[in-house]
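Visitor: target_30.cif is the file, holding mmCIF, C-alpha atoms:
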data_query
loop_
_atom_site.label_atom_id
_atom_site.label_comp_id
_atom_site.auth_asym_id
_atom_site.auth_seq_id
_atom_site.Cartn_x
_atom_site.Cartn_y
_atom_site.Cartn_z
CA MET N 209 -2.75 -5.43 14.52
CA LEU N 210 -3.72 -3.83 17.82
CA ARG N 211 -5.66 -6.92 18.85
CA GLU N 212 -2.82 -9.27 17.87
CA SER N 213 -0.15 -7.27 19.63
CA THR N 214 -2.13 -6.92 22.87
CA GLN N 215 -3.05 -10.60 22.91
CA ILE N 216 0.59 -11.58 22.63
CA ALA N 217 1.58 -9.03 25.27
CA ASP N 218 -1.30 -10.22 27.48
CA THR N 219 -2.61 -6.67 27.74
CA GLU N 220 -6.20 -5.52 27.85
CA VAL N 221 -7.53 -3.29 25.09
CA GLU N 222 -10.99 -1.90 24.48
CA LEU N 223 -11.46 -1.98 20.71
CA LYS N 224 -14.03 0.81 20.77
CA ASP N 225 -11.24 3.16 21.86
CA VAL N 226 -10.04 3.16 18.25
CA THR N 227 -13.02 5.26 17.25
CA GLU N 228 -14.24 6.77 20.52
CA GLY N 229 -11.01 7.64 22.32
CA LEU N 230 -9.27 6.08 25.26
CA SER N 231 -11.27 4.41 28.04
CA ASP N 232 -10.41 2.61 31.26
CA GLY N 233 -10.80 -0.66 29.37
CA THR N 234 -7.42 -0.25 27.71
CA GLN N 235 -4.55 -1.18 30.00
CA ILE N 236 -1.55 -0.57 27.76
CA PRO N 237 1.17 1.24 29.73
CA ASN N 238 1.26 5.03 29.16
CA ALA N 239 -1.73 4.72 26.84
CA GLU N 240 -3.19 8.08 27.87
CA ALA N 241 0.00 10.02 27.10
CA LEU N 242 0.49 8.29 23.77
CA VAL N 243 -3.11 8.55 22.60
CA ASN N 244 -3.26 12.22 23.58
CA PHE N 245 -0.09 12.78 21.54
CA ALA N 246 -1.52 10.87 18.57
CA GLU N 247 -4.78 12.81 18.66
CA ALA N 248 -2.89 16.10 18.85
CA ILE N 249 -0.75 15.14 15.85
CA VAL N 250 -3.86 14.41 13.80
CA SER N 251 -5.30 17.79 14.80
CA ARG N 252 -2.13 19.57 13.60
CA ASP N 253 -2.65 22.01 16.48
CA CYS N 254 0.96 22.92 17.30
CA ALA N 255 0.25 24.08 20.87
CA ARG N 256 -1.64 20.88 21.63
CA ILE N 257 1.11 18.80 20.03
CA ALA N 258 3.77 20.53 22.14
CA GLU N 259 1.79 20.04 25.33
CA THR N 260 1.12 16.34 24.76
CA ARG N 261 4.64 15.71 23.43
CA LYS N 262 6.09 17.09 26.65
CA VAL N 263 4.09 14.56 28.65
CA VAL N 264 5.42 11.72 26.49
CA PHE N 265 8.97 13.04 26.82
CA ASP N 266 8.74 13.51 30.58
CA THR N 267 7.26 10.04 30.98
CA LEU N 268 9.09 7.94 28.40
CA GLY N 269 12.11 9.94 27.29
CA ASN N 270 13.65 11.14 24.05
CA ASP N 271 13.69 7.97 21.94
CA ALA N 272 10.12 7.04 22.75
CA THR N 273 8.99 10.56 21.91
CA VAL N 274 10.69 10.39 18.53
CA ASP N 275 9.33 6.92 17.78
CA ALA N 276 5.83 7.78 18.97
CA GLY N 277 5.83 10.79 16.66
CA ALA N 278 7.19 8.68 13.82
CA VAL N 279 4.59 5.93 14.21
CA ALA N 280 1.70 8.39 14.34
CA SER N 281 3.12 10.07 11.25
CA ALA N 282 3.45 6.80 9.35
CA PHE N 283 -0.27 6.25 9.57
CA HIS N 284 -0.91 9.62 7.97
CA GLY N 285 0.56 8.02 4.84
CA PHE N 286 -0.91 4.53 5.10
CA VAL N 287 -4.48 5.77 5.41
CA ARG N 288 -4.09 7.91 2.31
CA ILE N 289 -2.85 5.01 0.20
CA ALA N 290 -5.62 2.75 1.48
CA ASP N 291 -8.40 5.24 0.87
CA THR N 292 -7.34 6.83 -2.41
CA ILE N 293 -6.42 3.52 -4.07
CA GLY N 294 -9.44 1.76 -2.60
CA ILE N 295 -7.66 -1.33 -1.39
CA PRO N 296 -10.03 -3.97 0.01
CA TYR N 297 -10.47 -3.30 3.72
CA ASP N 298 -11.44 -6.88 4.47
CA THR N 299 -7.89 -7.98 3.67
CA ALA N 300 -6.43 -6.03 6.60
CA ALA N 301 -4.12 -7.80 9.05
CA GLN N 302 -3.21 -10.44 6.46
CA GLY N 303 -6.82 -11.43 6.03
CA GLN N 304 -7.41 -11.70 9.78
CA ASP N 305 -9.86 -8.82 9.60
CA ALA N 306 -13.24 -9.92 10.94
CA PRO N 307 -16.63 -8.19 10.71
CA GLU N 308 -17.23 -8.70 14.43
CA ILE N 309 -13.96 -6.97 15.26
CA ARG N 310 -14.85 -4.09 12.98
CA GLU N 311 -18.24 -3.89 14.65
CA ALA N 312 -16.71 -3.92 18.13
CA ALA N 313 -14.28 -1.18 17.16
CA GLY N 314 -16.99 0.98 15.61
CA ILE N 315 -15.30 0.76 12.20
CA ASN N 316 -18.44 -0.52 10.48
CA ASP N 317 -19.85 2.99 10.91
CA PHE N 318 -17.14 4.47 8.71
CA TYR N 319 -18.17 6.11 5.45
CA ARG N 320 -16.49 3.62 3.16
CA ILE N 321 -18.12 0.59 4.76
CA GLN N 322 -21.48 2.32 4.92
CA GLN N 323 -21.16 3.20 1.23
CA ALA N 324 -20.26 -0.40 0.40
CA GLY N 325 -23.56 -1.43 1.97
CA MET J 185 11.03 25.92 6.49
CA SER J 186 14.33 24.16 6.90
CA SER J 187 16.66 22.74 4.29
CA ILE J 188 17.60 19.76 6.47
CA PRO J 189 14.91 17.54 8.02
CA PHE J 190 14.67 17.91 11.81
CA GLU J 191 17.36 20.59 11.81
CA ASN J 192 17.69 22.25 15.24
CA CYS J 193 15.12 19.85 16.64
CA ASP J 194 14.72 19.86 20.43
CA TYR J 195 14.90 16.06 20.34
CA GLU J 196 17.66 13.71 19.32
CA VAL J 197 16.25 12.20 16.15
CA ARG J 198 17.68 8.86 15.07
CA GLN J 199 19.93 9.19 12.05
CA ASN J 200 18.07 6.60 9.95
CA LEU J 201 14.94 8.71 10.21
CA ILE J 202 16.79 11.84 9.09
CA ASP J 203 18.42 9.88 6.25
CA ALA J 204 15.05 8.47 5.19
CA HIS J 205 13.62 11.98 4.90
CA GLN J 206 16.60 13.29 2.95
CA GLU J 207 16.53 10.36 0.54
CA ALA J 208 12.77 10.61 0.10
CA TRP J 209 12.94 14.32 -0.69
CA ALA J 210 15.67 13.71 -3.26
CA LYS J 211 13.54 11.02 -4.91
CA ILE J 212 10.44 13.20 -4.87
CA ALA J 213 12.38 15.91 -6.70
CA ALA J 214 13.69 13.51 -9.36
CA PRO J 215 11.69 12.77 -12.52
CA GLY J 216 9.16 10.05 -11.78
CA THR J 217 7.36 7.47 -13.87
CA TRP J 218 4.63 9.67 -15.34
CA LEU J 219 5.43 13.14 -13.97
CA ASP J 220 8.56 15.22 -14.40
CA SER J 221 10.34 16.91 -11.53
CA GLU J 222 8.53 20.21 -11.93
CA GLN J 223 5.14 18.48 -11.83
CA ARG J 224 6.11 16.41 -8.80
CA LEU J 225 7.26 19.48 -6.88
CA ALA J 226 4.05 21.26 -7.88
CA VAL J 227 2.23 18.34 -6.25
CA VAL J 228 4.24 18.92 -3.07
CA ALA J 229 3.28 22.60 -3.04
CA GLU J 230 -0.38 21.70 -3.59
CA ILE J 231 -0.31 19.18 -0.71
CA ARG J 232 0.89 21.93 1.60
CA GLN J 233 -1.60 24.39 0.14
CA ALA J 234 -4.47 22.00 0.89
CA ARG J 235 -3.96 22.44 4.63
CA SER J 236 -5.24 26.01 4.41
CA CYS J 237 -7.97 25.43 1.82
CA ASP J 238 -11.32 26.72 3.14
CA PHE J 239 -13.31 24.46 0.84
CA CYS J 240 -11.45 21.43 2.19
CA HIS J 241 -12.36 22.49 5.72
CA GLU J 242 -16.01 22.87 4.70
CA ILE J 243 -16.03 19.39 3.18
CA LYS J 244 -14.36 17.90 6.23
CA ASP J 245 -16.91 19.51 8.55
CA ALA J 246 -19.93 18.52 6.46
CA LEU J 247 -22.06 15.52 7.38
CA SER J 248 -21.63 14.26 3.83
CA PRO J 249 -18.63 15.16 1.63
CA ASN J 250 -21.04 15.67 -1.25
CA ALA J 251 -23.22 18.13 0.64
CA VAL J 252 -21.10 21.20 -0.06
CA THR J 253 -20.10 22.88 -3.28
CA GLY J 254 -17.20 25.22 -3.85
CA VAL J 255 -13.74 25.62 -5.27
CA HIS J 256 -10.44 24.58 -3.74
CA THR J 257 -7.95 27.33 -2.91
CA ALA J 258 -5.16 26.06 -5.12
CA THR J 259 -1.68 27.11 -6.16
CA GLY J 260 -2.79 27.40 -9.79
CA ALA J 261 -0.04 25.14 -11.09
CA LEU J 262 -2.10 21.97 -11.55
CA SER J 263 -5.26 20.80 -13.30
CA ASP J 264 -8.63 20.65 -11.54
CA ALA J 265 -8.44 16.85 -11.41
CA GLU J 266 -5.00 16.93 -9.82
CA VAL J 267 -6.13 19.55 -7.32
CA GLU J 268 -9.22 17.51 -6.38
CA LEU J 269 -7.15 14.36 -5.87
CA ILE J 270 -4.57 16.15 -3.77
CA HIS J 271 -6.92 18.26 -1.64
CA ARG J 272 -9.38 15.47 -0.88
CA GLY J 273 -6.57 12.97 -0.40
CA VAL J 274 -4.96 15.27 2.12
CA SER J 275 -7.99 16.62 3.95
CA ASP J 276 -10.69 13.95 3.95
CA PRO J 277 -9.32 10.62 2.69
CA GLY J 278 -11.70 8.47 4.72
CA ARG J 279 -14.72 9.64 2.74
CA LEU J 280 -13.61 8.96 -0.80
CA SER J 281 -15.41 6.49 -3.03
CA GLN J 282 -14.86 4.51 -6.20
CA LYS J 283 -17.23 6.89 -7.98
CA TRP J 284 -15.14 9.85 -6.85
CA THR J 285 -11.99 8.11 -8.12
CA GLN J 286 -13.62 7.50 -11.49
CA ASP J 287 -14.64 11.14 -11.68
CA VAL J 288 -11.08 12.28 -10.96
CA LEU J 289 -9.75 9.99 -13.68
CA ALA J 290 -12.41 11.21 -16.10
CA GLY J 291 -11.18 14.73 -15.36
CA GLY J 292 -8.03 14.01 -17.32
CA LEU J 293 -5.65 12.04 -15.11
CA SER J 294 -4.23 8.70 -16.19
CA GLU J 295 -4.22 5.86 -13.68
CA GLY J 296 -0.44 6.06 -13.56
CA GLU J 297 -0.46 9.79 -12.83
CA TYR J 298 -3.12 9.25 -10.15
CA VAL J 299 -1.09 6.56 -8.38
CA GLU J 300 2.14 8.53 -8.65
CA ILE J 301 0.45 11.57 -7.08
CA VAL J 302 -0.93 9.38 -4.30
CA GLY J 303 2.59 8.18 -3.58
CA ILE J 304 3.75 11.78 -3.21
CA ILE J 305 0.74 12.68 -1.04
CA ALA J 306 1.39 9.75 1.28
CA SER J 307 5.12 10.50 1.48
CA VAL J 308 4.77 14.21 2.15
CA MET J 309 2.01 13.64 4.69
CA ILE J 310 4.25 11.31 6.63
CA MET J 311 7.29 13.56 6.52
CA ASP J 312 5.51 16.85 7.22
CA THR J 313 3.55 15.21 10.03
CA ALA J 314 6.74 13.77 11.54
CA THR J 315 8.49 17.13 11.60
CA THR J 316 5.41 18.86 12.99
CA ALA J 317 5.02 16.13 15.64
CA LEU J 318 8.52 16.90 16.91
CA GLY J 319 8.08 20.68 16.77
CA CYS J 320 10.16 21.22 13.65
CA PRO J 321 9.30 23.27 10.54
CA ASP J 322 8.46 21.70 7.20
CA THR J 323 11.49 20.72 5.20
CA ASP J 324 12.13 22.85 2.12
CA ALA J 325 11.13 21.17 -1.11
CA PRO J 326 14.26 20.51 -3.23
CA GLU J 327 15.12 22.18 -6.50
CA VAL J 328 13.81 20.89 -9.83
CA VAL J 329 15.87 18.10 -11.41
CA THR J 330 15.98 17.90 -15.19
CA GLY J 331 15.04 14.68 -16.94
CA GLU J 332 12.17 12.75 -18.43
CA PRO J 333 9.70 10.41 -16.70
CA SER J 334 10.44 6.73 -17.33
CA ARG J 335 6.83 5.96 -18.38
CA TYR J 336 7.28 2.36 -17.25
CA GLN J 337 4.02 0.44 -17.13
CA PRO J 338 4.14 -2.92 -15.32
CA PRO J 339 2.62 -5.57 -17.60
CA GLY J 340 0.97 -7.31 -14.64
CA ALA J 341 -0.96 -4.29 -13.35
CA ARG J 342 -4.72 -4.80 -13.41
CA VAL J 343 -7.84 -3.44 -11.78
CA GLU J 344 -9.32 -6.21 -9.72
CA ALA J 345 -8.87 -6.01 -5.97
CA ALA J 346 -8.83 -2.22 -5.67
CA TRP J 347 -10.17 0.85 -7.47
CA LEU J 348 -6.84 1.41 -9.21
CA PRO J 349 -4.57 -1.16 -10.85
CA ILE J 350 -2.39 -3.32 -8.66
CA VAL J 351 0.43 -5.72 -9.50
CA GLU J 352 -0.26 -8.84 -7.48
CA PRO J 353 2.93 -10.56 -6.31
CA GLU J 354 2.44 -13.46 -8.72
CA ASP J 355 2.12 -11.00 -11.64
CA ALA J 356 5.36 -9.09 -10.97
CA VAL J 357 8.06 -9.44 -13.63
CA GLU J 358 11.78 -8.81 -13.55
CA ALA J 359 11.44 -5.55 -15.46
CA ASP J 360 9.32 -4.14 -12.61
CA GLY J 361 12.42 -4.17 -10.40
CA PRO J 362 12.29 -5.20 -6.72
CA MET J 363 8.63 -5.26 -5.69
CA TYR J 364 7.67 -7.24 -2.60
CA PRO J 365 9.57 -8.33 0.51
CA SER J 366 7.25 -11.35 0.63
CA PRO J 367 4.54 -12.84 -1.60
CA LYS J 368 2.24 -12.32 1.40
CA ALA J 369 2.74 -8.54 1.40
CA GLY J 370 -0.55 -6.94 2.43
CA TYR J 371 -2.71 -4.80 0.21
CA ILE J 372 -1.50 -1.65 1.92
CA TYR J 373 1.93 -2.58 0.55
CA ARG J 374 0.57 -3.38 -2.92
CA GLY J 375 -1.41 -0.13 -3.22
CA LEU J 376 1.19 1.79 -5.23
CA SER J 377 2.46 -1.24 -7.15
CA SER J 378 1.24 -0.09 -10.56
CA VAL J 379 3.97 2.56 -10.30
CA PRO J 380 6.80 0.39 -8.91
CA GLU J 381 9.26 3.23 -8.41
CA SER J 382 6.73 5.15 -6.32
CA MET J 383 6.05 2.04 -4.26
CA ARG J 384 9.73 1.41 -3.57
CA ASN J 385 10.46 5.05 -2.71
CA TYR J 386 7.45 5.34 -0.45
CA TRP J 387 8.16 2.20 1.57
CA ALA J 388 11.86 2.94 1.95
CA MET J 389 10.83 6.10 3.82
CA ALA J 390 7.67 4.84 5.57
CA ASN J 391 9.38 1.77 7.01
CA GLU J 392 11.71 3.99 9.03
CA HIS J 393 8.70 5.57 10.72
CA TYR J 394 6.78 2.37 11.47
CA LEU J 395 8.42 -1.01 10.87
CA PRO J 396 10.24 -2.73 8.01
CA GLY J 397 8.11 -5.52 6.52
CA GLN J 398 9.92 -8.36 8.24
CA TYR J 399 8.88 -7.03 11.65
CA VAL J 400 5.26 -6.16 10.94
CA TYR J 401 3.82 -9.55 11.90
CA GLN J 402 6.30 -10.27 14.67
CA PHE J 403 4.08 -8.97 17.42
CA ASP J 404 6.29 -10.15 20.25
CA GLN J 405 9.17 -7.82 19.44
CA THR J 406 9.80 -4.21 18.63
CA ILE J 407 12.74 -2.35 17.17
CA ARG J 408 11.36 0.97 18.39
CA ALA J 409 11.53 2.68 21.78
CA ILE J 410 7.85 2.05 22.48
CA SER J 411 6.28 -1.40 22.77
CA ARG J 412 4.31 -3.00 19.98
CA PRO J 413 0.94 -2.58 21.75
CA GLN J 414 1.81 1.09 22.32
CA MET J 415 2.65 1.49 18.64
CA GLU J 416 -0.51 -0.24 17.49
CA LEU J 417 -2.69 1.75 19.87
CA MET J 418 -1.37 5.00 18.41
CA ALA J 419 -1.65 3.63 14.88
CA ALA J 420 -5.22 2.46 15.37
CA ARG J 421 -6.29 5.77 16.90
CA VAL J 422 -4.73 7.77 14.06
CA SER J 423 -6.43 5.49 11.51
CA GLY J 424 -9.70 5.74 13.38
CA LEU J 425 -9.62 9.52 13.39
CA HIS J 426 -9.09 9.38 9.62
CA GLN J 427 -12.05 6.97 9.27
CA CYS J 428 -9.78 4.46 7.58
CA ALA J 429 -11.46 1.05 7.49
CA TYR J 430 -8.34 -0.84 6.45
#
Give the structure from this file in structure tokens form.

Guide:
Amino acid sequence: MLRESTQIADTEVELKDVTEGLSDGTQIPNAEALVNFAEAIVSRDCARIAETRKVVFDTLGNDATVDAGAVASAFHGFVRIADTIGIPYDTAAQGQDAPEIREAAGINDFYRIQQAG
Amino acid sequence: MSSIPFENCDYEVRQNLIDAHQEAWAKIAAPGTWLDSEQRLAVVAEIRQARSCDFCHEIKDALSPNAVTGVHTATGALSDAEVELIHRGVSDPGRLSQKWTQDVLAGGLSEGEYVEIVGIIASVMIMDTATTALGCPDTDAPEVVTGEPSRYQPPGARVEAAWLPIVEPEDAVEADGPMYPSPKAGYIYRGLSSVPESMRNYWAMANEHYLPGQYVYQFDQTIRAISRPQMELMAARVSGLHQCAY
């Protein structure tokens, strides 16, 4: 989904950033503020969330802050359905998932794929 | 705790997000398909309890999830199998396995109960994370609602593509009720389909956080206040941190 959306928006993205954190290779506007906010939300560290949320608010405003928080939250549910039900990961992105993309993103190192051999 | 989602929030939260939370909480409190209201609200309490479970933290920190032994710090209201599903589903979902799922089921949970609990885990994780993300307290769990579970079992549910049964779009029947926005709905959408009510309730809420199905593959537009690449970057990073391969 990230790859598709950046291709259509003609924006550069470094796929490895999905697993390793943001790098200079990703050129999405305000990426640093948004990724820092997302990482803080996953950590559930309230002080860190407040600090990073303020940056998003100061940079992008109220509605973007709310929607950024909502999107990051949504994926706290999606991942739990995927990984407790064991849906087939190679059907992601309407079957557009590709081993080389997973490799480039570092996803092939994940436990579930390693366990699948 | 707060009785109204996002109450006294420092940010102006869109009304459809507040409504989605309120409706989802009401549905969580209602009798489900396999669990009654009291059981469903006990699941909510256990989800919140898992955040402070020392054993969960040990598992999460371990190189292998199977390398540590111990006991979950639980509320005491649920069975060991339910506690294991909830705590691991909350704290370390990226390192579950089919064998682990089979062990949980062998511990005394039916497939329907398992899937219904997953639906509650996913819903509460979204809603509690959303309130925390915006600096708001958890929303109070509602009161128990009397009534019996429907015990509806979709005739088309079968174990094939995933570890748990799924109703493929072509196997859905009228009695299942509304199931899929499109026959091409992805497997993430189908995951809860063996408990159709859970699937419907979950997506009604989740869509207000991310995107309704009709927008998911329209990469050139967004209905949110951040662009689609911005959304997907955050989504991918959150998934990556959870070690979710999907």

Visitor: So that each row is one residue of chain J with an atom at most 7 Å from chain N, can you give its shortest atom pair and the distance in Å to one decimal, using only C-alpha atoms, rows by chain and rising number, as a tab-separated table?

Guide:
residue	atom	partner	partner_atom	distance
J:Tyr195	CA	N:Asn270	CA	6.3
J:Glu196	CA	N:Asn270	CA	6.7
J:Val197	CA	N:Val274	CA	6.3
J:Gly273	CA	N:Arg288	CA	6.3
J:Pro277	CA	N:Asp291	CA	5.8
J:Gly278	CA	N:Asp291	CA	6.0
J:Arg279	CA	N:Tyr319	CA	5.6
J:Leu280	CA	N:Asp291	CA	6.6
J:Ser281	CA	N:Arg320	CA	6.9
J:Val302	CA	N:Ile289	CA	6.6
J:Ala306	CA	N:Gly285	CA	4.0
J:Ser307	CA	N:Gly285	CA	6.2
J:Met309	CA	N:Gly285	CA	5.8
J:Ile310	CA	N:Ser281	CA	4.9
J:Thr313	CA	N:Ser281	CA	5.3
J:Ala314	CA	N:Ser281	CA	5.2
J:Ala317	CA	N:Gly277	CA	5.5
J:Leu318	CA	N:Gly277	CA	6.7
J:Gly319	CA	N:Ala258	CA	6.9
J:Ala345	CA	N:Pro296	CA	6.4
J:Ala346	CA	N:Ile295	CA	4.5
J:Trp347	CA	N:Gly294	CA	5.0
J:Leu348	CA	N:Ile293	CA	5.6
J:Gly370	CA	N:Gln302	CA	6.0
J:Tyr371	CA	N:Ile295	CA	6.3
J:Ile372	CA	N:Ala290	CA	6.0
J:Gly375	CA	N:Ile293	CA	6.3
J:Ala390	CA	N:Ala282	CA	6.0
J:His393	CA	N:Ala278	CA	4.6
J:Tyr394	CA	N:Val279	CA	5.0
J:Phe403	CA	N:Ser213	CA	5.1
J:Asp404	CA	N:Ile216	CA	6.3
J:Arg408	CA	N:Asp275	CA	6.3
J:Ala409	CA	N:Ala272	CA	4.7
J:Ile410	CA	N:Ala272	CA	5.5
J:Arg412	CA	N:Ser213	CA	6.2
J:Pro413	CA	N:Ser213	CA	5.3
J:Gln414	CA	N:Ile236	CA	6.6
J:Met415	CA	N:Val279	CA	6.6
J:Glu416	CA	N:Leu210	CA	4.8
J:Leu417	CA	N:Leu210	CA	6.0
J:Met418	CA	N:Val243	CA	5.8
J:Ala419	CA	N:Ala280	CA	5.8
J:Ala420	CA	N:Val226	CA	5.7
J:Arg421	CA	N:Val226	CA	4.8
J:Val422	CA	N:Ala246	CA	6.3
J:Ser423	CA	N:Val287	CA	6.4
J:Gly424	CA	N:Thr227	CA	5.1
J:Leu425	CA	N:Thr227	CA	6.7
J:Gln427	CA	N:Phe318	CA	5.7
J:Cys428	CA	N:Val287	CA	5.9
J:Ala429	CA	N:Tyr297	CA	5.8
J:Tyr430	CA	N:Tyr297	CA	4.2

Visitor: Applied to the shown file, which residues does the PyMOL selection byres ((chain J and resi 384) around 12) return, written as a PyMOL selection string?

Guide: chain J and resi 207-208+211-212+216+300+303-304+307+360-365+373-383+385-391

Visitor: Box for stretch 280-286 of chain N: with edges along x, y and z, all listed atoms inside and 8 Å added on each side, what are the centre and edge lengths in Å to one decimal, as lines of an AutoDock Vina configuration file?

Guide:
center_x = 1.3
center_y = 7.3
center_z = 9.6
size_x = 20.4
size_y = 21.5
size_z = 25.5

Visitor: Do a neighbour search on J:Ala210 at 7 Å with only C-alpha atoms, toss out local chain neighbours closer than 4 positions, and write the hits as a VMD selection string.

Guide: chain J and resid 206 214 326

Visitor: Please indicate the distance in Å from atom CA of J:Pro215 to atom CA of J:Val228, rounded to one decimal place.

Guide: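 A separation of 13.5 Å between them.
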
Visitor: So what does the PyMOL selection byres ((chain J and resi 322) around 9) actually pick up in this one, as a list in words?

Guide: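 Residues picked by the PyMOL selection byres ((chain J and resi 322) around 9): Met185, Ser186, Ser187, Pro189, Phe190, Met311, Asp312, Thr313, Thr315, Thr316, Cys320, Pro321, Thr323, Asp324 and Ala325 of chain J.
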
Visitor: Atom CA of J:Arg272 to atom CA of J:Asp203: how many Å, to one decimal?

Guide: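 Atom-to-atom, atom CA of J:Arg272 and atom CA of J:Asp203 are spaced 29.2 Å apart.
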
Visitor: Figure out the distance between atom CA of N:Lys262 and atom CA of J:Ile231, please, to one decimal in Å.

Guide: 28.2 Å

Visitor: Quick one: residues within 8 Å of J:Glu266, all atoms listed in the file, excluding same-chain residues fewer than 4 positions away - as a PyMOL selection string?

Guide: chain J and resi 262+270+288+293+298

Visitor: Decode the PyMOL selection byres ((chain J and resi 336) around 9) for the given file into explicit residues and return them as JSON, numbers by chain.

Guide: {"J": [217, 218, 333, 334, 335, 337, 338, 360, 379, 380]}

Visitor: Given the point (-1.4, -4.0, -9.0) in the coordinates of this file, which residues lie within 6 Å, counting only C-alpha atoms, and how would they look as a list of chain:residue names?

Guide: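 It turns out the residues near that spot are J:Ala341, J:Arg342, J:Pro349, J:Ile350, J:Val351, J:Glu352, J:Ser377, J:Ser378.
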